[in-house]
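Containing compact mmCIF, C-alpha atoms and all ligand atoms: upload.txt.
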# COMPACT_ATOMS: atom_id res chain seq x y z
CA MET A 12 6.79 -12.17 20.05
CA ARG A 13 4.25 -10.30 22.15
CA GLY A 14 2.97 -6.84 21.32
CA ASN A 15 3.24 -3.86 23.66
CA LEU A 16 0.31 -2.78 25.78
CA TYR A 17 -0.40 0.94 26.29
CA ILE A 18 -2.80 2.33 28.85
CA VAL A 19 -4.06 5.89 28.49
CA SER A 20 -6.02 7.59 31.26
CA ALA A 21 -7.19 11.17 31.72
CA PRO A 22 -9.84 13.12 33.54
CA SER A 23 -12.90 13.25 31.32
CA GLY A 24 -12.71 16.26 28.96
CA SER A 25 -8.89 16.46 28.94
CA GLY A 26 -8.78 15.62 25.24
CA LYS A 27 -7.84 11.94 25.42
CA THR A 28 -10.29 10.79 22.73
CA THR A 29 -9.16 13.56 20.37
CA ILE A 30 -5.48 12.63 20.84
CA LEU A 31 -6.17 8.90 20.48
CA GLN A 32 -8.09 9.40 17.25
CA HIS A 33 -5.07 11.15 15.73
CA LEU A 34 -2.70 8.48 17.02
CA LEU A 35 -4.78 5.63 15.61
CA ARG A 36 -4.92 7.31 12.21
CA SER A 37 -1.10 7.41 12.00
CA PHE A 38 -0.41 4.02 13.62
CA THR A 39 -2.59 1.66 11.65
CA ASP A 40 -0.99 -1.39 13.31
CA LEU A 41 -1.95 -0.21 16.77
CA LYS A 42 -5.15 -1.92 17.91
CA PHE A 43 -7.65 0.00 20.03
CA SER A 44 -9.47 -2.10 22.57
CA VAL A 45 -13.16 -1.18 22.41
CA SER A 46 -14.49 -1.30 25.98
CA TYR A 47 -17.83 -2.51 27.25
CA THR A 48 -20.00 -0.04 29.14
CA THR A 49 -23.44 0.25 30.67
CA ARG A 50 -23.57 4.01 30.02
CA ARG A 51 -25.79 5.25 27.23
CA PRO A 52 -24.24 6.28 23.90
CA ARG A 53 -23.51 9.99 23.47
CA GLN A 54 -24.50 11.75 20.30
CA GLY A 55 -22.27 10.49 17.47
CA GLU A 56 -21.07 7.37 19.30
CA HIS A 57 -21.47 3.98 17.64
CA ASN A 58 -21.82 0.52 19.11
CA GLY A 59 -18.72 -1.56 18.38
CA THR A 60 -16.58 1.45 17.49
CA ASP A 61 -16.63 3.72 20.55
CA TYR A 62 -17.91 1.13 23.01
CA PHE A 63 -19.89 -2.06 23.15
CA PHE A 64 -22.98 -0.62 24.82
CA THR A 65 -24.53 -3.22 27.05
CA ASP A 66 -26.99 -3.57 29.92
CA ARG A 67 -26.00 -4.16 33.54
CA ALA A 68 -27.11 -7.80 33.62
CA THR A 69 -25.07 -8.70 30.54
CA PHE A 70 -22.06 -6.83 31.91
CA LEU A 71 -22.27 -8.57 35.30
CA GLY A 72 -22.62 -11.94 33.54
CA MET A 73 -19.36 -11.22 31.73
CA VAL A 74 -17.73 -10.33 35.07
CA GLU A 75 -18.82 -13.68 36.49
CA ARG A 76 -17.44 -15.58 33.51
CA GLY A 77 -14.07 -13.79 33.90
CA GLN A 78 -14.35 -12.15 30.49
CA PHE A 79 -12.81 -8.84 31.58
CA LEU A 80 -9.12 -8.08 31.91
CA GLU A 81 -10.26 -5.29 34.24
CA TRP A 82 -13.46 -3.48 35.02
CA ALA A 83 -14.54 -0.58 37.20
CA GLU A 84 -17.46 1.63 38.14
CA PHE A 85 -17.18 5.21 36.98
CA ASN A 86 -19.83 7.82 37.70
CA GLY A 87 -22.40 5.11 38.48
CA GLU A 88 -21.80 3.15 35.26
CA LEU A 89 -19.75 0.01 34.62
CA TYR A 90 -16.82 -0.05 32.19
CA GLY A 91 -14.64 -3.04 31.25
CA THR A 92 -11.90 -4.25 28.93
CA GLY A 93 -12.62 -7.52 27.10
CA ARG A 94 -9.89 -10.02 27.94
CA GLY A 95 -10.20 -12.04 24.71
CA PHE A 96 -9.40 -9.23 22.28
CA VAL A 97 -6.38 -7.94 24.23
CA ASP A 98 -4.83 -11.42 24.74
CA GLU A 99 -5.37 -12.37 21.12
CA GLN A 100 -3.81 -9.19 19.74
CA LEU A 101 -0.82 -9.22 22.08
CA GLU A 102 -0.16 -12.88 21.32
CA THR A 103 -0.28 -12.16 17.57
CA GLY A 104 2.41 -9.53 18.17
CA ASN A 105 0.19 -6.49 17.71
CA ASP A 106 0.41 -3.47 20.00
CA VAL A 107 -2.79 -2.63 21.85
CA ILE A 108 -3.98 0.61 23.41
CA LEU A 109 -6.54 0.90 26.22
CA ASP A 110 -8.50 4.02 27.10
CA ILE A 111 -9.41 3.29 30.72
CA ASP A 112 -9.77 5.08 34.04
CA VAL A 113 -7.29 5.15 36.93
CA GLN A 114 -8.89 2.16 38.70
CA GLY A 115 -8.63 0.04 35.55
CA ALA A 116 -5.07 1.18 34.88
CA LYS A 117 -3.99 -0.05 38.31
CA GLN A 118 -5.52 -3.49 37.67
CA VAL A 119 -3.90 -3.85 34.24
CA LYS A 120 -0.49 -2.68 35.49
CA SER A 121 -0.57 -5.38 38.16
CA LYS A 122 -1.61 -8.09 35.68
CA ILE A 123 0.44 -7.32 32.58
CA GLN A 124 4.13 -6.91 33.06
CA GLY A 125 5.73 -4.23 30.92
CA ALA A 126 2.50 -2.35 30.16
CA THR A 127 3.19 1.35 29.55
CA ALA A 128 0.83 3.77 31.29
CA ILE A 129 0.30 7.34 30.09
CA PHE A 130 -1.68 9.99 31.94
CA ILE A 131 -3.08 13.00 30.12
CA LEU A 132 -3.64 16.13 32.21
CA PRO A 133 -5.56 19.25 31.22
CA PRO A 134 -3.53 22.49 31.68
CA SER A 135 -5.85 23.59 34.54
CA PHE A 136 -9.18 22.95 36.22
CA VAL A 137 -10.73 25.99 34.54
CA GLU A 138 -9.64 24.76 31.12
CA LEU A 139 -11.05 21.28 31.84
CA GLU A 140 -14.39 22.84 32.74
CA ARG A 141 -14.29 24.94 29.57
CA ARG A 142 -13.60 21.86 27.40
CA LEU A 143 -16.34 19.80 29.00
CA LYS A 144 -18.85 22.60 28.42
CA LEU A 145 -17.59 23.20 24.89
CA ARG A 146 -18.15 19.55 24.03
CA MET A 147 -21.84 20.17 24.82
CA LEU A 148 -22.60 16.47 25.00
CA GLU A 149 -23.70 16.21 28.62
CA PRO A 150 -26.09 18.01 30.96
CA ASP A 151 -24.64 20.37 33.59
CA ASP A 152 -25.07 17.94 36.49
CA VAL A 153 -23.08 15.24 34.67
CA ILE A 154 -20.34 17.78 33.90
CA ARG A 155 -20.25 18.84 37.55
CA ARG A 156 -19.89 15.19 38.66
CA ARG A 157 -17.12 14.58 36.10
CA LEU A 158 -15.26 17.63 37.45
CA GLU A 159 -15.56 16.32 41.01
CA ILE A 160 -14.22 12.91 39.91
CA ALA A 161 -11.35 14.67 38.10
CA LYS A 162 -10.20 16.21 41.39
CA CYS A 163 -9.61 12.69 42.76
CA GLU A 164 -8.28 11.16 39.56
CA ILE A 165 -5.41 13.60 39.09
CA GLN A 166 -3.91 12.39 42.41
CA PHE A 167 -3.13 9.08 40.68
CA TYR A 168 -0.58 10.58 38.28
CA ARG A 169 2.23 8.85 40.21
CA ASP A 170 1.05 5.42 39.00
CA TYR A 171 1.89 6.35 35.40
CA ASP A 172 5.09 6.07 33.35
CA TYR A 173 4.46 9.25 31.31
CA ILE A 174 2.45 12.43 31.87
CA ILE A 175 1.29 14.54 28.92
CA VAL A 176 -0.14 17.97 29.68
CA ASN A 177 -2.61 18.52 26.85
CA ASP A 178 -2.09 22.22 26.28
CA VAL A 179 -1.36 22.53 22.56
CA LEU A 180 -3.10 19.59 20.88
CA GLU A 181 -0.47 19.05 18.15
CA ASN A 182 2.30 18.76 20.78
CA SER A 183 0.34 16.23 22.79
CA ILE A 184 -0.25 14.10 19.69
CA LEU A 185 3.47 14.20 18.88
CA LEU A 186 4.39 13.22 22.43
CA LEU A 187 2.05 10.23 22.49
CA GLU A 188 3.29 9.20 19.05
CA SER A 189 6.89 9.29 20.27
CA ILE A 190 6.07 7.11 23.27
CA VAL A 191 4.42 4.50 21.03
CA ARG A 192 7.17 4.78 18.42
CA SER A 193 9.88 4.21 21.04
CA GLY A 194 8.05 1.01 22.06
CA THR A 195 8.59 -0.42 18.59
CA VAL A 196 12.38 -0.40 19.10
CA LYS A 197 12.30 -2.47 22.29
CA PRO A 198 14.36 -5.66 21.80
CA GLN A 199 11.42 -8.03 22.43
CA ARG A 200 9.41 -6.22 19.78
CA GLN A 201 12.14 -6.86 17.17
CA GLN A 202 13.10 -10.42 18.04
CA ALA A 203 12.47 -11.89 14.57
CA ARG A 204 14.44 -9.13 12.83
CA ILE A 205 17.32 -9.41 15.31
CA GLU A 206 17.49 -13.19 14.79
CA GLU A 207 17.61 -12.67 11.04
CA ILE A 208 20.48 -10.19 11.34
CA ILE A 209 22.46 -12.35 13.74
CA ALA A 210 21.90 -15.35 11.43
CA SER A 211 23.34 -13.29 8.57
CA PHE A 212 26.50 -13.07 10.69
CA GLY A 213 26.45 -16.84 11.00
CA GLY A 214 25.41 -16.76 14.66
CA ARG A 215 22.30 -17.49 16.74
CA ALA A 216 20.38 -15.00 18.91
P1 LIG B 1 -11.92 13.19 26.64
O1 LIG B 1 -11.87 12.05 25.68
O2 LIG B 1 -10.65 13.28 27.46
O3 LIG B 1 -13.13 13.18 27.50
P2 LIG B 1 -12.29 14.91 24.28
O4 LIG B 1 -11.26 14.38 23.35
O5 LIG B 1 -13.72 14.59 24.01
O6 LIG B 1 -11.94 14.56 25.82
O7 LIG B 1 -12.08 16.51 24.34
C1 LIG B 1 -12.93 17.38 25.07
C2 LIG B 1 -13.07 18.69 24.31
O8 LIG B 1 -11.82 19.39 24.37
C3 LIG B 1 -13.40 18.51 22.83
O9 LIG B 1 -14.31 19.52 22.46
C4 LIG B 1 -12.04 18.67 22.14
O10 LIG B 1 -12.18 19.17 20.82
C5 LIG B 1 -11.36 19.71 23.05
N1 LIG B 1 -9.87 19.60 23.08
C6 LIG B 1 -9.11 18.49 23.09
N2 LIG B 1 -7.80 18.80 23.16
C7 LIG B 1 -7.72 20.13 23.20
C8 LIG B 1 -6.62 21.09 23.28
N3 LIG B 1 -5.34 20.71 23.36
N4 LIG B 1 -6.92 22.40 23.31
C9 LIG B 1 -8.22 22.81 23.25
N5 LIG B 1 -9.29 22.01 23.16
C10 LIG B 1 -9.06 20.67 23.15
P1 LIG B 2 -16.64 8.20 29.12
O1 LIG B 2 -17.97 7.97 29.76
O2 LIG B 2 -16.23 9.66 29.17
O3 LIG B 2 -16.52 7.62 27.75
O4 LIG B 2 -15.56 7.45 30.01
C1 LIG B 2 -15.51 7.68 31.40
C2 LIG B 2 -14.23 7.07 31.96
O5 LIG B 2 -14.26 5.65 31.82
C3 LIG B 2 -12.96 7.54 31.24
O6 LIG B 2 -11.98 7.80 32.24
C4 LIG B 2 -12.57 6.35 30.40
O7 LIG B 2 -11.16 6.28 30.19
C5 LIG B 2 -13.01 5.22 31.31
N1 LIG B 2 -13.15 3.94 30.62
C6 LIG B 2 -13.54 3.70 29.35
N2 LIG B 2 -13.50 2.38 29.09
C7 LIG B 2 -13.06 1.78 30.23
C8 LIG B 2 -12.79 0.42 30.60
O8 LIG B 2 -12.92 -0.51 29.83
N3 LIG B 2 -12.37 0.20 31.86
C9 LIG B 2 -12.19 1.22 32.76
N4 LIG B 2 -11.75 0.87 33.98
N5 LIG B 2 -12.43 2.48 32.45
C10 LIG B 2 -12.86 2.78 31.21
Now that the file is in, can you turn its structure into structure tokens?
Ligand code: ADP
Ligand code: 5GP
Amino acid sequence: MRGNLYIVSAPSGSGKTTILQHLLRSFTDLKFSVSYTTRRPRQGEHNGTDYFFTDRATFLGMVERGQFLEWAEFNGELYGTGRGFVDEQLETGNDVILDIDVQGAKQVKSKIQGATAIFILPPSFVELERRLKLRMLEPDDVIRRRLEIAKCEIQFYRDYDYIIVNDVLENSILLLESIVRSGTVKPQRQQARIEEIIASFGGRA
């Protein structure tokens, strides 16, 4: 029995990390794939929890050895999803969630059949700008570049199975929770249980 794979993308500052933190607190069986990145840690970020922070040479070595399920360049830095962790978890039957950009989402969708992709949108450009500034973790030029990238990224919403407009935070958390919860009632996710029930009827699944 393989686990479900969820992909979450959003323009930077939309509130994706905030929503994911809530989701992961309520779904303890859902495994978050910690990405590798060459960008420097922001204040409060920890190696191994938020990202595996690495240098460019190490990252490119991993690319050469085929250790990434997907990888992409975002705002001049490299980001990638470790193949080993995701394969292992899915094979064990655990659900996995990826926080990756639109380029990475496209690669994963083409490689993993049945992956569910969710796009989080801010309610407006002005609100996105306000949230990025409120977060106060990046200099103005970085914020300006992230806003420019956001203008392109939002065009990719069509590649996603679900769109969540992150207006009221509590509603967005509930929506993402319902998407993940509905994945747990897919037949392939319940194979063992179904077999048990059918066996109790004297039959075979
Ligand atoms: P991302 O991971 O998408 O870059 P964050 O989760 O860091 O975004 O959120 C950016 C900022 O917006 C944070 O200060 C966060 O507290 C705030 N935020 C998140 N969701 C909402 C919301 N629904 N309404 C108002 N502010 C929000
Ligand atoms: P940030 O620097 O704000 O943490 O992330 C910038 C962008 O990179 C976000 O859109 C985030 O989802 C994306 N990202 C994070 N990890 C990965 C990854 O492993 N692969 C890809 N393709 N994008 C990632």
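Residues within 6 Å of segment 33-45 of chain A, counting only C-alpha atoms and excluding same-chain residues fewer than 3 positions away, are Ile30, Tyr62, Asp106, Val107, Ile108 and Leu109 of chain A.
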All residues within 10 Å of ligand LIG 1 (chain B) are required, counting all atoms listed in the file; please report them as an mmCIF file with C-alpha atoms, keeping the file's coordinate frame.
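Writing the result to selection00.cif gives the following:
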data_model
loop_
_atom_site.group_PDB
_atom_site.id
_atom_site.type_symbol
_atom_site.label_atom_id
_atom_site.label_comp_id
_atom_site.auth_asym_id
_atom_site.auth_seq_id
_atom_site.Cartn_x
_atom_site.Cartn_y
_atom_site.Cartn_z
ATOM 1 C CA VAL A 19 -4.060 5.890 28.490
ATOM 2 C CA SER A 20 -6.020 7.590 31.260
ATOM 3 C CA ALA A 21 -7.190 11.170 31.720
ATOM 4 C CA PRO A 22 -9.840 13.120 33.540
ATOM 5 C CA SER A 23 -12.900 13.250 31.320
ATOM 6 C CA GLY A 24 -12.710 16.260 28.960
ATOM 7 C CA SER A 25 -8.890 16.460 28.940
ATOM 8 C CA GLY A 26 -8.780 15.620 25.240
ATOM 9 C CA LYS A 27 -7.840 11.940 25.420
ATOM 10 C CA THR A 28 -10.290 10.790 22.730
ATOM 11 C CA THR A 29 -9.160 13.560 20.370
ATOM 12 C CA ILE A 30 -5.480 12.630 20.840
ATOM 13 C CA LEU A 31 -6.170 8.900 20.480
ATOM 14 C CA GLN A 32 -8.090 9.400 17.250
ATOM 15 C CA ASP A 110 -8.500 4.020 27.100
ATOM 16 C CA ILE A 131 -3.080 13.000 30.120
ATOM 17 C CA LEU A 132 -3.640 16.130 32.210
ATOM 18 C CA PRO A 133 -5.560 19.250 31.220
ATOM 19 C CA PRO A 134 -3.530 22.490 31.680
ATOM 20 C CA GLU A 138 -9.640 24.760 31.120
ATOM 21 C CA LEU A 139 -11.050 21.280 31.840
ATOM 22 C CA GLU A 140 -14.390 22.840 32.740
ATOM 23 C CA ARG A 141 -14.290 24.940 29.570
ATOM 24 C CA ARG A 142 -13.600 21.860 27.400
ATOM 25 C CA LEU A 143 -16.340 19.800 29.000
ATOM 26 C CA LYS A 144 -18.850 22.600 28.420
ATOM 27 C CA LEU A 145 -17.590 23.200 24.890
ATOM 28 C CA ARG A 146 -18.150 19.550 24.030
ATOM 29 C CA MET A 147 -21.840 20.170 24.820
ATOM 30 C CA LEU A 148 -22.600 16.470 25.000
ATOM 31 C CA ARG A 157 -17.120 14.580 36.100
ATOM 32 C CA VAL A 176 -0.140 17.970 29.680
ATOM 33 C CA ASN A 177 -2.610 18.520 26.850
ATOM 34 C CA ASP A 178 -2.090 22.220 26.280
ATOM 35 C CA VAL A 179 -1.360 22.530 22.560
ATOM 36 C CA LEU A 180 -3.100 19.590 20.880
ATOM 37 C CA GLU A 181 -0.470 19.050 18.150
ATOM 38 C CA ASN A 182 2.300 18.760 20.780
ATOM 39 C CA SER A 183 0.340 16.230 22.790
ATOM 40 C CA ILE A 184 -0.250 14.100 19.690
#
Practice item. Give as a PyMOL selection string the residues surrounding ligand LIG 2 (chain B) up to a distance of 6 Å, considering all atoms listed in the file. Key: chain A and resi 20-23+46-47+82-83+85+90-92+110-112+114-115
Practice item. Would you mind telling me which residue in A:Met12, A:Phe130, A:Gln124, A:Arg192 lies nearest to Glu164 of chain A when using all atoms listed in the file? Key: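 With all atoms listed in the file as the atom set, the closest residue is A:Phe130.
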Check your understanding: With distances taken over only C-alpha atoms, which of A:Asp170, A:Ala210, A:Thr60, A:Ser189 is nearest to Ala126 of chain A?
Key -> A:Asp170
Check your understanding: Which is closest to Leu80 of chain A among A:Gln118, A:Ser193, A:Gln199, A:Thr65, if we use only C-alpha atoms?
Key ->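 Of A:Gln118, A:Ser193, A:Gln199, A:Thr65, the one nearest Leu80 of chain A is A:Gln118, counting only C-alpha atoms.
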Check your understanding: What is the distance between atom CA of Arg169 of chain A and atom CA of Leu187 of chain A, in Å to one decimal?
Key ->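 Taking atom CA of Arg169 of chain A and atom CA of Leu187 of chain A, their separation equals 17.8 Å.
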Point to revise | Polymer residues at most 12 Å from Lys122 of chain A, only C-alpha atoms, same-chain spacing of 6 or more positions, as a list in words | key: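 What passes the distance filter is Leu16, Phe79, Leu80, Glu81, Arg94, Asp98, Gly115 and Ala116 of chain A.
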Revision key, fill the gap. Atom CA of Thr48 of chain A to atom CA of Phe70 of chain A measures 7.6 Å
Review point. Could you pull the residues within 12 Å of Arg215 of chain A, counting all atoms listed in the file, minus those fewer than 3 positions along the same chain, as a ChimeraX atom specification?
Key: /A:202-203,205-212
Requested write-out: C-alpha atoms of the selected residues, as a compact mmCIF listing (two decimals), in the frame of the given file:
# COMPACT_ATOMS: atom_id res chain seq x y z
CA GLN A 202 13.10 -10.42 18.04
CA ALA A 203 12.47 -11.89 14.57
CA ILE A 205 17.32 -9.41 15.31
CA GLU A 206 17.49 -13.19 14.79
CA GLU A 207 17.61 -12.67 11.04
CA ILE A 208 20.48 -10.19 11.34
CA ILE A 209 22.46 -12.35 13.74
CA ALA A 210 21.90 -15.35 11.43
CA SER A 211 23.34 -13.29 8.57
CA PHE A 212 26.50 -13.07 10.69
**Study point:** Distance in Å - atom CA of Thr49 of chain A versus atom CA of Phe64 of chain A
**Key:**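 The value is 5.9 Å.
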Point to revise | Counting all atoms listed in the file, the residue of A:Gly59, A:Pro150, A:Gly214, A:Gly194 that sits nearest Thr127 of chain A | key: A:Gly194
Using all atoms of segment 52-59 of chain A that appear in the file, construct an axis-aligned enclosing box with 4 Å of padding on every side and provide its centre coordinates and edge lengths in Å, rounded to one decimal, as lines of an AutoDock Vina configuration file.
center_x = -21.6
center_y = 5.1
center_z = 20.7
size_x = 13.8
size_y = 21.3
size_z = 14.4
Hey, could you patch up segment 155-166 of chain A with all heavy atoms and hand it over as a PDB file, keeping the file's coordinate frame?
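Produced file rebuild02.pdb, reproduced below:
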ATOM      1  N   ARG A 155     -20.691  18.528  36.183  1.00  0.00           N
ATOM      2  CA  ARG A 155     -20.250  18.840  37.550  1.00  0.00           C
ATOM      3  C   ARG A 155     -19.686  17.585  38.241  1.00  0.00           C
ATOM      4  O   ARG A 155     -18.648  17.634  38.884  1.00  0.00           O
ATOM      5  CB  ARG A 155     -21.412  19.400  38.376  1.00  0.00           C
ATOM      6  CG  ARG A 155     -21.475  20.933  38.332  1.00  0.00           C
ATOM      7  CD  ARG A 155     -22.290  21.490  39.488  1.00  0.00           C
ATOM      8  NE  ARG A 155     -23.625  20.889  39.573  1.00  0.00           N
ATOM      9  CZ  ARG A 155     -24.663  21.297  38.841  1.00  0.00           C
ATOM     10  NH1 ARG A 155     -24.521  22.293  37.976  1.00  0.00           N
ATOM     11  NH2 ARG A 155     -25.839  20.724  38.951  1.00  0.00           N
ATOM     12  N   ARG A 156     -20.370  16.441  38.026  1.00  0.00           N
ATOM     13  CA  ARG A 156     -19.890  15.190  38.660  1.00  0.00           C
ATOM     14  C   ARG A 156     -18.537  14.785  38.077  1.00  0.00           C
ATOM     15  O   ARG A 156     -17.633  14.362  38.778  1.00  0.00           O
ATOM     16  CB  ARG A 156     -20.898  14.062  38.458  1.00  0.00           C
ATOM     17  CG  ARG A 156     -22.002  14.075  39.487  1.00  0.00           C
ATOM     18  CD  ARG A 156     -22.576  12.689  39.730  1.00  0.00           C
ATOM     19  NE  ARG A 156     -23.031  12.033  38.512  1.00  0.00           N
ATOM     20  CZ  ARG A 156     -24.217  12.260  37.946  1.00  0.00           C
ATOM     21  NH1 ARG A 156     -25.061  13.113  38.492  1.00  0.00           N
ATOM     22  NH2 ARG A 156     -24.577  11.612  36.860  1.00  0.00           N
ATOM     23  N   ARG A 157     -18.389  14.946  36.744  1.00  0.00           N
ATOM     24  CA  ARG A 157     -17.120  14.580  36.100  1.00  0.00           C
ATOM     25  C   ARG A 157     -15.983  15.453  36.632  1.00  0.00           C
ATOM     26  O   ARG A 157     -14.863  14.985  36.812  1.00  0.00           O
ATOM     27  CB  ARG A 157     -17.239  14.686  34.577  1.00  0.00           C
ATOM     28  CG  ARG A 157     -18.027  13.518  33.977  1.00  0.00           C
ATOM     29  CD  ARG A 157     -18.084  13.569  32.469  1.00  0.00           C
ATOM     30  NE  ARG A 157     -18.867  12.468  31.914  1.00  0.00           N
ATOM     31  CZ  ARG A 157     -18.376  11.301  31.526  1.00  0.00           C
ATOM     32  NH1 ARG A 157     -17.095  11.068  31.605  1.00  0.00           N
ATOM     33  NH2 ARG A 157     -19.157  10.364  31.025  1.00  0.00           N
ATOM     34  N   LEU A 158     -16.290  16.730  36.911  1.00  0.00           N
ATOM     35  CA  LEU A 158     -15.260  17.630  37.450  1.00  0.00           C
ATOM     36  C   LEU A 158     -14.869  17.223  38.875  1.00  0.00           C
ATOM     37  O   LEU A 158     -13.694  17.285  39.253  1.00  0.00           O
ATOM     38  CB  LEU A 158     -15.751  19.086  37.424  1.00  0.00           C
ATOM     39  CG  LEU A 158     -15.764  19.728  36.029  1.00  0.00           C
ATOM     40  CD1 LEU A 158     -16.552  21.028  36.036  1.00  0.00           C
ATOM     41  CD2 LEU A 158     -14.343  19.969  35.530  1.00  0.00           C
ATOM     42  N   GLU A 159     -15.853  16.790  39.648  1.00  0.00           N
ATOM     43  CA  GLU A 159     -15.560  16.320  41.010  1.00  0.00           C
ATOM     44  C   GLU A 159     -14.675  15.075  40.956  1.00  0.00           C
ATOM     45  O   GLU A 159     -13.710  14.947  41.706  1.00  0.00           O
ATOM     46  CB  GLU A 159     -16.862  15.997  41.777  1.00  0.00           C
ATOM     47  CG  GLU A 159     -17.587  17.225  42.297  1.00  0.00           C
ATOM     48  CD  GLU A 159     -16.690  18.190  43.065  1.00  0.00           C
ATOM     49  OE1 GLU A 159     -15.993  17.728  43.983  1.00  0.00           O
ATOM     50  OE2 GLU A 159     -16.668  19.391  42.733  1.00  0.00           O
ATOM     51  N   ILE A 160     -15.017  14.145  40.051  1.00  0.00           N
ATOM     52  CA  ILE A 160     -14.220  12.910  39.910  1.00  0.00           C
ATOM     53  C   ILE A 160     -12.790  13.279  39.491  1.00  0.00           C
ATOM     54  O   ILE A 160     -11.817  12.709  39.988  1.00  0.00           O
ATOM     55  CB  ILE A 160     -14.874  11.951  38.885  1.00  0.00           C
ATOM     56  CG1 ILE A 160     -16.228  11.458  39.406  1.00  0.00           C
ATOM     57  CG2 ILE A 160     -13.959  10.766  38.578  1.00  0.00           C
ATOM     58  CD1 ILE A 160     -17.059  10.678  38.398  1.00  0.00           C
ATOM     59  N   ALA A 161     -12.674  14.266  38.597  1.00  0.00           N
ATOM     60  CA  ALA A 161     -11.350  14.670  38.100  1.00  0.00           C
ATOM     61  C   ALA A 161     -10.430  15.093  39.240  1.00  0.00           C
ATOM     62  O   ALA A 161      -9.231  14.805  39.234  1.00  0.00           O
ATOM     63  CB  ALA A 161     -11.492  15.813  37.088  1.00  0.00           C
ATOM     64  N   LYS A 162     -11.008  15.748  40.259  1.00  0.00           N
ATOM     65  CA  LYS A 162     -10.200  16.210  41.390  1.00  0.00           C
ATOM     66  C   LYS A 162      -9.518  15.023  42.091  1.00  0.00           C
ATOM     67  O   LYS A 162      -8.392  15.137  42.562  1.00  0.00           O
ATOM     68  CB  LYS A 162     -11.072  16.968  42.407  1.00  0.00           C
ATOM     69  CG  LYS A 162     -11.472  18.339  41.907  1.00  0.00           C
ATOM     70  CD  LYS A 162     -12.307  19.058  42.957  1.00  0.00           C
ATOM     71  CE  LYS A 162     -12.863  20.351  42.383  1.00  0.00           C
ATOM     72  NZ  LYS A 162     -13.876  20.970  43.242  1.00  0.00           N
ATOM     73  N   CYS A 163     -10.220  13.894  42.154  1.00  0.00           N
ATOM     74  CA  CYS A 163      -9.610  12.690  42.760  1.00  0.00           C
ATOM     75  C   CYS A 163      -8.648  12.021  41.802  1.00  0.00           C
ATOM     76  O   CYS A 163      -7.544  11.628  42.175  1.00  0.00           O
ATOM     77  CB  CYS A 163     -10.678  11.655  43.131  1.00  0.00           C
ATOM     78  SG  CYS A 163     -11.936  12.284  44.198  1.00  0.00           S
ATOM     79  N   GLU A 164      -9.084  11.909  40.527  1.00  0.00           N
ATOM     80  CA  GLU A 164      -8.280  11.160  39.560  1.00  0.00           C
ATOM     81  C   GLU A 164      -6.872  11.707  39.379  1.00  0.00           C
ATOM     82  O   GLU A 164      -5.918  10.930  39.236  1.00  0.00           O
ATOM     83  CB  GLU A 164      -8.971  11.190  38.187  1.00  0.00           C
ATOM     84  CG  GLU A 164     -10.175  10.307  38.079  1.00  0.00           C
ATOM     85  CD  GLU A 164     -10.808  10.434  36.700  1.00  0.00           C
ATOM     86  OE1 GLU A 164     -10.957  11.574  36.222  1.00  0.00           O
ATOM     87  OE2 GLU A 164     -11.132   9.420  36.112  1.00  0.00           O
ATOM     88  N   ILE A 165      -6.744  13.036  39.383  1.00  0.00           N
ATOM     89  CA  ILE A 165      -5.410  13.600  39.090  1.00  0.00           C
ATOM     90  C   ILE A 165      -4.372  13.198  40.139  1.00  0.00           C
ATOM     91  O   ILE A 165      -3.193  13.189  39.861  1.00  0.00           O
ATOM     92  CB  ILE A 165      -5.429  15.139  38.892  1.00  0.00           C
ATOM     93  CG1 ILE A 165      -6.015  15.822  40.124  1.00  0.00           C
ATOM     94  CG2 ILE A 165      -6.182  15.536  37.632  1.00  0.00           C
ATOM     95  CD1 ILE A 165      -5.766  17.325  40.102  1.00  0.00           C
ATOM     96  N   GLN A 166      -4.851  12.824  41.345  1.00  0.00           N
ATOM     97  CA  GLN A 166      -3.910  12.390  42.410  1.00  0.00           C
ATOM     98  C   GLN A 166      -3.181  11.101  42.031  1.00  0.00           C
ATOM     99  O   GLN A 166      -2.168  10.761  42.628  1.00  0.00           O
ATOM    100  CB  GLN A 166      -4.677  12.135  43.723  1.00  0.00           C
ATOM    101  CG  GLN A 166      -5.528  13.284  44.200  1.00  0.00           C
ATOM    102  CD  GLN A 166      -4.712  14.514  44.547  1.00  0.00           C
ATOM    103  OE1 GLN A 166      -3.544  14.394  44.903  1.00  0.00           O
ATOM    104  NE2 GLN A 166      -5.302  15.685  44.415  1.00  0.00           N
TER     105      GLN A 166
END
